[in-house]
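S.K.: Before I ask anything, let me first share the structure, which is written out below as structure tokens.
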Amino acid sequence: MDIKKQVKLRTIFIKYLCIFCVSTILVISAVLMIVLIIIPSLSKPQGLLPANYAQERVLVLKDKIQKSKKVTSDMIPDLFKYAVYNNDGEKISGNLSIGVSRKAWLLLKSSENGSDFFHYYLKISRKNEVCILQYSISMEFASPILRKILPTPWVIIIVLFCIAFVLEIIMLTRNFSKKFNEKMSSLQNATDKIKNQDLDFNIESSGIFEIDNVLVSIDKMKEALKASMKKEWDLEQTRREQISALAHDIKTPLTIVRGNADLLCETSQSDEQKEYTGYIMKSIYDMEQYIKTLIEISKAQIEYAINKENIDTKKYIDEIYNHINALISIKKLKLDFKVNNLPNNFEADFNLLKRAIMNIVSNAVECSKECCKLEFIVDSTEEYIKFCVVDYGTGFSKEALKRASEQFYMGDSSRVSKHHHGMGLYITKSIVEFHNGKLKIANSEVSGGGEVTIEIPI
């Protein structure tokens with residue numbers, strides 16, 4: 001792995017922290033500029049009132065209220081709210097709500113001014129009555145219209161700052177995430193390649209010290225795994241070749257034994273000799289089946305060479321039908337052959353697919369009782385052509401439904417014959433997968449026996 005110029009994660013974090021701090025200062029400056037320069041220019045000619053404007057006006061207003069015969073609403077500027085009380089604290093008039101006016105009376109019962117968290121209050125004593133003014137010390141728009149339709153400038157400042165701050169965080173986060181994902185792509189690519197068992201690739205440096213350390217470890221692991229898998233593959237390949245060679249070597253002397261046994265059968269023999277010769281012939285047949293299985297095993301572990309062709313569906317189904325009829329005649333089974341909605345043609349390897357279909361038919365025949373029924377159904381959808389075999393045997397066990405297509409699986413004793421070696425459905429599944437199809441194993445709700453379906457893309 002070629003190592004690029006590296007930086008540490010710590011350096012990257014400090015860089016983004018500095019960018020965050022600088023951008024936050026710029027955001028604050030921009031918000032203040034909007035409120036102090038742009039907003040006043042938009043609200044001309046009055047502009048903004050300073051924060052102490054109401055406090056300065058309240059002294060003039062106090063003198064005016066004390067000298068007037070009656071306190072009316074047109075005397076009170078819209079920067080203020082007021083309430084007029086009798087000497088017993090009962091509200092006579094004013095625009096303060098009942099709750100606020102009661103609170104203001106209690107607050108100023110023993111003093112002339114006071115405040116709560118949001119407002120200031122001033123008590124003005126008059127003849128036989130008291131007036132309390134409520135006001136705020138904050139920047140305000142000079143225009144009454146703007147004061148009515150807009151919040152105070154400080155609220156605008158806070159809202160604008162919050163919006164700008166959130167946008168700043170989103171932009172920085174997206175930028176950091178994008179950059180970091182780019183740096184992490186080398187790690188992601190390496191793990192994906194190894195997961196897919198592709199070990200022939202070069203790992204690219206990310207340019208970040210901590211990530212590159214992990215990539216170096218992955219590179220070493222990849223090389224060790226590659227060497228280990230090559231060794232394992234070589235051993236496996238040798239084992240397959242030895243099994244295949246041994247199976248073929250055994251066939252030669254076995255053929256000689258069968259030939260001599262056939263000659264022996266043609267000679268004059270006593271009943272006892274015929275019985276012994278029969279044992280020999282049966283054992284020869286069993287040995288041939290075992291050798292055939294060994295050869296199947298060695299072939300099944302090597303990928304098939306798929307030779308797809310455009311198959312005439314009707315002719316193919318007719319050939320399958322003839323093969324099935326020949327196979328079920330051994331047990332005198334009744335064949336229920338159903339064909340529905342077939343395409344004129346489909347793409348597949350003629351011989352391999354036939355082998356897969358006959359494997360599941362052969363399994364179904366083995367699991368069926370004599371003179372019973374066997375269903376073979378051919379159907380299609382827009383995407384698949386389906387071959388389904390249903391027997392009336394004992395069905396699959398729960399374990400077999402999960403594992404029946406595994407190599408050498410023979411756990412379902414109810415469906416295992418003496419000629420079964422756990423390879424039929426495994427080979428079928430391999431062929432179907434090479435066709436990018438699906439093998440489905442289930443129990444039929446109608447027959448109670450096994451139901452195996454092959455789906456091949458059209």
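Going through the structure tokens in order, the chains are called A, B, and so on, while each chain numbers its residues from 1 and the ligands are numbered from 1 in the order shown.
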I'd like the neighbourhood of stretch 18-29 of chain A as a ChimeraX atom specification, where a residue qualifies if any of its atoms comes within 12 Å (using only C-alpha atoms), though same-chain residues fewer than 2 positions away should be ignored.

M.R.: /A:11-16,31-37,157-173,175-176

S.K.: Output as a PyMOL selection string all residues of stretch 326-450 of chain A that backbone DSSP marks as helix (DSSP H, G or I).

M.R.: chain A and resi 326-328+350-366+398-403+413-415+424-434

S.K.: Output N, CA and C atoms for every residue in that selection, as a compact mmCIF listing (two decimals), in the first residue's frame.

M.R.:
# COMPACT_ATOMS: atom_id res chain seq x y z
N ALA A 326 -40.99 -42.85 -17.58
CA ALA A 326 -40.09 -44.01 -17.47
C ALA A 326 -39.66 -44.23 -16.03
N LEU A 327 -39.46 -43.13 -15.29
CA LEU A 327 -38.97 -43.24 -13.91
C LEU A 327 -40.05 -43.73 -12.95
N ILE A 328 -41.30 -43.25 -13.13
CA ILE A 328 -42.36 -43.61 -12.18
C ILE A 328 -42.91 -45.01 -12.43
N PHE A 350 -29.93 -26.76 -21.58
CA PHE A 350 -30.88 -27.84 -21.81
C PHE A 350 -30.62 -29.04 -20.89
N ASN A 351 -29.41 -29.57 -20.91
CA ASN A 351 -29.09 -30.80 -20.18
C ASN A 351 -28.99 -30.59 -18.67
N LEU A 352 -28.34 -29.47 -18.26
CA LEU A 352 -28.20 -29.24 -16.82
C LEU A 352 -29.55 -29.03 -16.15
N LEU A 353 -30.43 -28.26 -16.79
CA LEU A 353 -31.75 -28.05 -16.20
C LEU A 353 -32.55 -29.35 -16.14
N LYS A 354 -32.43 -30.15 -17.19
CA LYS A 354 -33.13 -31.45 -17.18
C LYS A 354 -32.61 -32.32 -16.04
N ARG A 355 -31.32 -32.28 -15.81
CA ARG A 355 -30.73 -33.05 -14.71
C ARG A 355 -31.28 -32.57 -13.37
N ALA A 356 -31.39 -31.23 -13.19
CA ALA A 356 -31.91 -30.69 -11.94
C ALA A 356 -33.36 -31.13 -11.72
N ILE A 357 -34.17 -31.06 -12.81
CA ILE A 357 -35.58 -31.46 -12.69
C ILE A 357 -35.70 -32.94 -12.37
N MET A 358 -34.94 -33.76 -13.05
CA MET A 358 -35.02 -35.21 -12.82
C MET A 358 -34.51 -35.59 -11.44
N ASN A 359 -33.60 -34.79 -10.87
CA ASN A 359 -33.15 -35.06 -9.50
C ASN A 359 -34.30 -34.95 -8.52
N ILE A 360 -35.11 -33.87 -8.65
CA ILE A 360 -36.20 -33.71 -7.69
C ILE A 360 -37.32 -34.73 -7.96
N VAL A 361 -37.49 -35.11 -9.25
CA VAL A 361 -38.47 -36.15 -9.56
C VAL A 361 -38.02 -37.48 -8.97
N SER A 362 -36.73 -37.79 -9.11
CA SER A 362 -36.18 -39.03 -8.57
C SER A 362 -36.35 -39.09 -7.06
N ASN A 363 -36.08 -37.98 -6.38
CA ASN A 363 -36.27 -37.94 -4.91
C ASN A 363 -37.73 -38.18 -4.55
N ALA A 364 -38.64 -37.55 -5.32
CA ALA A 364 -40.08 -37.71 -5.04
C ALA A 364 -40.52 -39.16 -5.25
N VAL A 365 -39.99 -39.81 -6.29
CA VAL A 365 -40.33 -41.21 -6.56
C VAL A 365 -39.84 -42.09 -5.41
N GLU A 366 -38.62 -41.86 -4.94
CA GLU A 366 -38.07 -42.65 -3.84
C GLU A 366 -38.91 -42.53 -2.57
N LYS A 398 -39.09 -30.37 9.91
CA LYS A 398 -38.75 -28.95 10.06
C LYS A 398 -37.27 -28.71 9.78
N GLU A 399 -36.42 -29.64 10.23
CA GLU A 399 -34.99 -29.48 9.99
C GLU A 399 -34.67 -29.62 8.50
N ALA A 400 -35.34 -30.58 7.84
CA ALA A 400 -35.06 -30.81 6.42
C ALA A 400 -35.50 -29.64 5.56
N LEU A 401 -36.57 -28.95 5.97
CA LEU A 401 -37.02 -27.78 5.21
C LEU A 401 -35.94 -26.72 5.15
N LYS A 402 -35.08 -26.67 6.19
CA LYS A 402 -34.00 -25.69 6.23
C LYS A 402 -32.72 -26.22 5.59
N ARG A 403 -32.49 -27.54 5.71
CA ARG A 403 -31.17 -28.08 5.35
C ARG A 403 -31.17 -29.09 4.21
N SER A 413 -34.64 -39.06 8.10
CA SER A 413 -34.66 -40.50 7.87
C SER A 413 -35.95 -40.97 7.21
N SER A 414 -37.04 -40.21 7.40
CA SER A 414 -38.33 -40.61 6.80
C SER A 414 -38.31 -40.51 5.29
N ARG A 415 -37.39 -39.74 4.74
CA ARG A 415 -37.33 -39.54 3.29
C ARG A 415 -35.99 -39.99 2.70
N GLY A 424 -28.50 -35.09 -4.15
CA GLY A 424 -29.47 -34.75 -5.18
C GLY A 424 -29.92 -33.30 -5.16
N LEU A 425 -30.46 -32.85 -4.02
CA LEU A 425 -30.95 -31.48 -3.93
C LEU A 425 -29.81 -30.48 -3.90
N TYR A 426 -28.64 -30.90 -3.38
CA TYR A 426 -27.48 -30.01 -3.39
C TYR A 426 -27.06 -29.71 -4.83
N ILE A 427 -27.00 -30.76 -5.66
CA ILE A 427 -26.63 -30.58 -7.07
C ILE A 427 -27.69 -29.76 -7.78
N THR A 428 -28.95 -30.05 -7.49
CA THR A 428 -30.06 -29.30 -8.10
C THR A 428 -29.96 -27.82 -7.77
N LYS A 429 -29.73 -27.52 -6.49
CA LYS A 429 -29.63 -26.13 -6.06
C LYS A 429 -28.47 -25.43 -6.77
N SER A 430 -27.33 -26.12 -6.93
CA SER A 430 -26.18 -25.53 -7.61
C SER A 430 -26.53 -25.18 -9.05
N ILE A 431 -27.20 -26.10 -9.75
CA ILE A 431 -27.56 -25.87 -11.15
C ILE A 431 -28.54 -24.70 -11.26
N VAL A 432 -29.53 -24.67 -10.36
CA VAL A 432 -30.54 -23.60 -10.38
C VAL A 432 -29.87 -22.25 -10.12
N GLU A 433 -28.96 -22.18 -9.16
CA GLU A 433 -28.28 -20.92 -8.84
C GLU A 433 -27.40 -20.46 -9.99
N PHE A 434 -26.78 -21.40 -10.71
CA PHE A 434 -26.00 -21.02 -11.89
C PHE A 434 -26.88 -20.40 -12.96

S.K.: Pick out the closest residue to A:Trp105 from this set: A:Ala442, A:Cys265, A:Leu246, A:Val84. Count only C-alpha atoms.

M.R.: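 Using only C-alpha atoms, A:Trp105 sits closest to A:Val84.
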
S.K.: List the neighbours of stretch 194-200 of chain A out to 12 Å using only C-alpha atoms; skip same-chain residues closer than 3 positions along the sequence, and give me the result as a compact mmCIF listing (two decimals) with all heavy atoms, in the first residue's frame.

M.R.:
# COMPACT_ATOMS: atom_id res chain seq x y z
N LEU A 187 -11.21 2.39 3.25
CA LEU A 187 -11.50 1.36 4.25
C LEU A 187 -12.76 0.59 3.86
O LEU A 187 -12.80 -0.64 3.95
CB LEU A 187 -11.67 2.03 5.62
CG LEU A 187 -11.88 1.10 6.82
CD1 LEU A 187 -10.72 0.15 6.99
CD2 LEU A 187 -12.06 1.93 8.08
N GLN A 188 -13.78 1.32 3.41
CA GLN A 188 -15.02 0.68 3.01
C GLN A 188 -14.81 -0.25 1.81
O GLN A 188 -15.32 -1.38 1.78
CB GLN A 188 -16.06 1.76 2.67
CG GLN A 188 -17.44 1.21 2.29
CD GLN A 188 -18.14 0.56 3.45
OE1 GLN A 188 -18.16 1.09 4.54
NE2 GLN A 188 -18.70 -0.62 3.21
N ASN A 189 -14.06 0.23 0.83
CA ASN A 189 -13.79 -0.58 -0.36
C ASN A 189 -13.03 -1.86 -0.01
O ASN A 189 -13.32 -2.93 -0.55
CB ASN A 189 -13.00 0.22 -1.39
CG ASN A 189 -13.83 1.34 -1.99
OD1 ASN A 189 -15.05 1.28 -1.99
ND2 ASN A 189 -13.17 2.37 -2.50
N ALA A 190 -12.06 -1.72 0.89
CA ALA A 190 -11.26 -2.88 1.29
C ALA A 190 -12.12 -3.94 1.97
O ALA A 190 -12.03 -5.13 1.67
CB ALA A 190 -10.11 -2.44 2.20
N THR A 191 -12.96 -3.50 2.91
CA THR A 191 -13.81 -4.46 3.63
C THR A 191 -14.84 -5.10 2.69
O THR A 191 -15.13 -6.29 2.82
CB THR A 191 -14.53 -3.78 4.80
OG1 THR A 191 -15.25 -2.62 4.32
CG2 THR A 191 -13.53 -3.32 5.85
N ILE A 203 -4.84 -1.79 -1.80
CA ILE A 203 -5.48 -0.87 -0.87
C ILE A 203 -4.89 0.52 -1.06
O ILE A 203 -3.66 0.68 -1.07
CB ILE A 203 -5.31 -1.35 0.58
CG1 ILE A 203 -6.05 -2.67 0.78
CG2 ILE A 203 -5.84 -0.30 1.56
CD1 ILE A 203 -5.90 -3.25 2.17
N ILE A 218 -5.33 -4.22 7.68
CA ILE A 218 -6.21 -4.95 6.76
C ILE A 218 -5.42 -5.51 5.58
O ILE A 218 -5.67 -6.63 5.12
CB ILE A 218 -7.34 -4.02 6.27
CG1 ILE A 218 -8.31 -3.71 7.41
CG2 ILE A 218 -8.09 -4.63 5.09
CD1 ILE A 218 -9.41 -2.76 7.04
N ASP A 219 -4.44 -4.73 5.09
CA ASP A 219 -3.61 -5.20 3.98
C ASP A 219 -2.83 -6.45 4.38
O ASP A 219 -2.75 -7.42 3.60
CB ASP A 219 -2.67 -4.08 3.55
CG ASP A 219 -1.99 -4.38 2.23
OD1 ASP A 219 -2.66 -4.90 1.32
OD2 ASP A 219 -0.77 -4.12 2.10
N LYS A 220 -2.27 -6.44 5.58
CA LYS A 220 -1.55 -7.63 6.06
C LYS A 220 -2.50 -8.81 6.22
O LYS A 220 -2.17 -9.95 5.88
CB LYS A 220 -0.86 -7.30 7.39
CG LYS A 220 0.29 -6.30 7.26
CD LYS A 220 0.90 -5.99 8.62
CE LYS A 220 2.04 -4.99 8.49
NZ LYS A 220 2.62 -4.64 9.81
N MET A 221 -3.69 -8.53 6.78
CA MET A 221 -4.69 -9.59 6.95
C MET A 221 -5.11 -10.16 5.61
O MET A 221 -5.28 -11.37 5.44
CB MET A 221 -5.89 -9.04 7.70
CG MET A 221 -7.00 -10.06 7.94
SD MET A 221 -8.47 -9.32 8.68
CE MET A 221 -9.08 -8.37 7.28
N LYS A 222 -5.27 -9.25 4.61
CA LYS A 222 -5.67 -9.69 3.28
C LYS A 222 -4.63 -10.64 2.67
O LYS A 222 -4.97 -11.69 2.11
CB LYS A 222 -5.86 -8.46 2.38
CG LYS A 222 -6.27 -8.79 0.96
CD LYS A 222 -5.92 -7.67 0.00
CE LYS A 222 -4.44 -7.63 -0.28
NZ LYS A 222 -4.05 -6.71 -1.35
N GLU A 223 -3.36 -10.27 2.80
CA GLU A 223 -2.30 -11.11 2.24
C GLU A 223 -2.24 -12.46 2.94
O GLU A 223 -2.05 -13.51 2.30
CB GLU A 223 -0.95 -10.39 2.34
CG GLU A 223 -0.85 -9.13 1.49
CD GLU A 223 -1.06 -9.41 0.01
OE1 GLU A 223 -0.65 -10.49 -0.45
OE2 GLU A 223 -1.65 -8.56 -0.67
N ALA A 224 -2.38 -12.44 4.29
CA ALA A 224 -2.36 -13.69 5.04
C ALA A 224 -3.56 -14.56 4.67
O ALA A 224 -3.44 -15.78 4.49
CB ALA A 224 -2.37 -13.40 6.54
N LEU A 225 -4.72 -13.92 4.53
CA LEU A 225 -5.93 -14.66 4.15
C LEU A 225 -5.81 -15.21 2.74
O LEU A 225 -6.24 -16.34 2.46
CB LEU A 225 -7.13 -13.72 4.26
CG LEU A 225 -8.52 -14.32 4.05
CD1 LEU A 225 -8.79 -15.40 5.08
CD2 LEU A 225 -9.59 -13.24 4.13
N LYS A 226 -5.22 -14.41 1.87
CA LYS A 226 -5.04 -14.85 0.48
C LYS A 226 -4.14 -16.08 0.42
O LYS A 226 -4.44 -17.05 -0.30
CB LYS A 226 -4.44 -13.70 -0.33
CG LYS A 226 -4.30 -13.98 -1.82
CD LYS A 226 -3.79 -12.73 -2.52
CE LYS A 226 -3.60 -12.98 -4.01
NZ LYS A 226 -3.08 -11.78 -4.71
N ALA A 227 -3.05 -16.04 1.19
CA ALA A 227 -2.13 -17.18 1.21
C ALA A 227 -2.81 -18.42 1.80
O ALA A 227 -2.66 -19.54 1.30
CB ALA A 227 -0.88 -16.82 2.02
N SER A 228 -3.57 -18.18 2.88
CA SER A 228 -4.26 -19.30 3.53
C SER A 228 -5.31 -19.91 2.61
O SER A 228 -5.43 -21.13 2.50
CB SER A 228 -4.92 -18.80 4.81
OG SER A 228 -5.67 -19.83 5.42
N MET A 229 -6.07 -19.04 1.91
CA MET A 229 -7.12 -19.54 1.02
C MET A 229 -6.53 -20.26 -0.18
O MET A 229 -7.08 -21.26 -0.66
CB MET A 229 -8.01 -18.39 0.55
CG MET A 229 -8.92 -17.85 1.64
SD MET A 229 -10.05 -16.57 1.04
CE MET A 229 -11.09 -17.53 -0.06
N LYS A 230 -5.38 -19.77 -0.66
CA LYS A 230 -4.74 -20.44 -1.80
C LYS A 230 -4.27 -21.83 -1.39
O LYS A 230 -4.43 -22.81 -2.13
CB LYS A 230 -3.55 -19.61 -2.29
CG LYS A 230 -2.89 -20.18 -3.55
CD LYS A 230 -1.76 -19.30 -4.02
CE LYS A 230 -1.17 -19.83 -5.33
NZ LYS A 230 -0.77 -21.24 -5.28

S.K.: Just to confirm, what's the straight-line distance from atom CA of A:Lys332 to atom CA of A:Val389 in Å (one decimal)?

M.R.: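 Here the two named atoms are 16.8 Å from each other.
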
S.K.: Please provide as a list of chain:residue names all residues within 10 Å of A:Ala104, with the sequence filter that same-chain residues fewer than 2 positions apart are discarded (counting only C-alpha atoms).

M.R.: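 The residues that qualify are A:Tyr82, A:Ala83, A:Leu96, A:Ile98, A:Gly99, A:Val100, A:Ser101, A:Arg102, A:Leu106, A:Leu107, A:Leu108, A:Lys109, A:Asn113, A:Gly114, A:Ser115, A:Asp116, A:Tyr120, A:Tyr121, A:Leu122, A:Lys123, A:Ile132, A:Leu133, A:Gln134.
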
S.K.: Would you mind writing down, as a ChimeraX atom specification, each residue of stretch 81-258 of chain A that DSSP on the backbone assigns to strand (DSSP E)?

M.R.: /A:81-86,91-94,113-115,120-126,129-135,140-141

S.K.: Output the selection as a compact mmCIF listing (two decimals), in the first residue's frame - C-alpha atoms for each residue.

M.R.:
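Output file selection.txt is given in full below:
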# COMPACT_ATOMS: atom_id res chain seq x y z
CA LYS A 81 -49.38 50.11 29.38
CA TYR A 82 -51.25 51.45 32.37
CA ALA A 83 -53.91 50.86 34.99
CA VAL A 84 -55.77 53.31 37.20
CA TYR A 85 -56.78 52.16 40.73
CA ASN A 86 -58.76 53.63 43.62
CA LYS A 91 -58.81 48.73 39.00
CA ILE A 92 -60.87 51.55 37.52
CA SER A 93 -59.52 51.73 33.96
CA GLY A 94 -56.46 50.97 31.80
CA ASN A 113 -41.21 51.70 41.35
CA GLY A 114 -40.30 48.08 40.85
CA SER A 115 -39.73 45.41 38.23
CA TYR A 120 -40.54 47.90 34.89
CA TYR A 121 -43.36 49.59 36.83
CA LEU A 122 -43.85 53.18 38.07
CA LYS A 123 -46.56 54.26 40.56
CA ILE A 124 -47.98 57.76 40.14
CA SER A 125 -50.13 59.02 43.01
CA ARG A 126 -53.12 61.19 42.16
CA GLU A 129 -56.53 57.35 42.83
CA VAL A 130 -53.24 55.75 41.71
CA CYS A 131 -51.89 55.19 38.18
CA ILE A 132 -49.31 52.47 37.47
CA LEU A 133 -47.29 52.48 34.24
CA GLN A 134 -45.69 49.36 32.74
CA TYR A 135 -42.76 49.69 30.29
CA GLU A 140 -37.66 49.43 19.95
CA PHE A 141 -38.71 50.52 16.50

S.K.: Quick one: residues within 9 Å of A:Val7, only C-alpha atoms counted, chain neighbours fewer than 3 positions away excluded, as a list in words?

M.R.: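 Everything that qualifies: Arg10, Thr11, Ile12, Gly207, Ile208, Phe209 and Glu210 of chain A.
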
S.K.: Just to be explicit: take each residue in the selection above, keep all heavy atoms, and write the result as an mmCIF file, in the first residue's frame.

M.R.:
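Below you can see part_22.cif, which holds the result:
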data_model
loop_
_atom_site.group_PDB
_atom_site.id
_atom_site.type_symbol
_atom_site.label_atom_id
_atom_site.label_comp_id
_atom_site.auth_asym_id
_atom_site.auth_seq_id
_atom_site.Cartn_x
_atom_site.Cartn_y
_atom_site.Cartn_z
ATOM 1 N N ARG A 10 -6.813 14.451 14.883
ATOM 2 C CA ARG A 10 -6.780 15.588 15.799
ATOM 3 C C ARG A 10 -6.612 16.901 15.045
ATOM 4 O O ARG A 10 -7.274 17.901 15.334
ATOM 5 C CB ARG A 10 -5.636 15.396 16.805
ATOM 6 C CG ARG A 10 -5.459 16.538 17.801
ATOM 7 C CD ARG A 10 -4.303 16.229 18.734
ATOM 8 N NE ARG A 10 -3.061 16.086 17.974
ATOM 9 C CZ ARG A 10 -1.932 15.614 18.495
ATOM 10 N NH1 ARG A 10 -1.892 15.227 19.751
ATOM 11 N NH2 ARG A 10 -0.845 15.522 17.756
ATOM 12 N N THR A 11 -5.722 16.887 14.032
ATOM 13 C CA THR A 11 -5.490 18.095 13.228
ATOM 14 C C THR A 11 -6.737 18.500 12.463
ATOM 15 O O THR A 11 -7.070 19.693 12.367
ATOM 16 C CB THR A 11 -4.337 17.834 12.229
ATOM 17 O OG1 THR A 11 -3.175 17.387 12.950
ATOM 18 C CG2 THR A 11 -4.003 19.083 11.450
ATOM 19 N N ILE A 12 -7.441 17.493 11.922
ATOM 20 C CA ILE A 12 -8.668 17.780 11.176
ATOM 21 C C ILE A 12 -9.723 18.373 12.086
ATOM 22 O O ILE A 12 -10.405 19.350 11.743
ATOM 23 C CB ILE A 12 -9.192 16.490 10.507
ATOM 24 C CG1 ILE A 12 -8.187 16.007 9.459
ATOM 25 C CG2 ILE A 12 -10.555 16.727 9.866
ATOM 26 C CD1 ILE A 12 -8.536 14.690 8.823
ATOM 27 N N GLY A 207 -4.797 8.992 3.557
ATOM 28 C CA GLY A 207 -4.160 10.261 3.887
ATOM 29 C C GLY A 207 -4.359 10.671 5.336
ATOM 30 O O GLY A 207 -3.854 11.710 5.767
ATOM 31 N N ILE A 208 -5.107 9.861 6.111
ATOM 32 C CA ILE A 208 -5.307 10.123 7.541
ATOM 33 C C ILE A 208 -4.551 9.069 8.329
ATOM 34 O O ILE A 208 -4.718 7.855 8.086
ATOM 35 C CB ILE A 208 -6.805 10.102 7.905
ATOM 36 C CG1 ILE A 208 -7.533 11.234 7.171
ATOM 37 C CG2 ILE A 208 -7.007 10.246 9.400
ATOM 38 C CD1 ILE A 208 -9.011 11.304 7.434
ATOM 39 N N PHE A 209 -3.744 9.494 9.271
ATOM 40 C CA PHE A 209 -2.829 8.611 9.980
ATOM 41 C C PHE A 209 -3.559 7.429 10.627
ATOM 42 O O PHE A 209 -3.167 6.271 10.455
ATOM 43 C CB PHE A 209 -2.084 9.425 11.056
ATOM 44 C CG PHE A 209 -1.149 8.610 11.910
ATOM 45 C CD1 PHE A 209 0.087 8.202 11.424
ATOM 46 C CD2 PHE A 209 -1.524 8.235 13.191
ATOM 47 C CE1 PHE A 209 0.937 7.442 12.215
ATOM 48 C CE2 PHE A 209 -0.687 7.482 13.986
ATOM 49 C CZ PHE A 209 0.548 7.078 13.497
ATOM 50 N N GLU A 210 -4.631 7.701 11.381
ATOM 51 C CA GLU A 210 -5.323 6.635 12.116
ATOM 52 C C GLU A 210 -5.987 5.637 11.168
ATOM 53 O O GLU A 210 -5.939 4.414 11.400
ATOM 54 C CB GLU A 210 -6.379 7.242 13.057
ATOM 55 C CG GLU A 210 -5.824 7.993 14.255
ATOM 56 C CD GLU A 210 -5.386 9.408 13.924
ATOM 57 O OE1 GLU A 210 -5.522 9.818 12.737
ATOM 58 O OE2 GLU A 210 -4.919 10.109 14.829
#

S.K.: State, in Å with one decimal place, the distance from atom CA of A:Leu374 to atom CA of A:Tyr285.

M.R.: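 Calculated distance between atom CA of A:Leu374 and atom CA of A:Tyr285 is 26.8 Å.
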
S.K.: For A:Asp379, which residue among A:Asn341, A:Ser185, A:Ser177, A:Ser97 is the nearest when counting only C-alpha atoms?

M.R.: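 With only C-alpha atoms as the atom set, the closest residue is A:Asn341.
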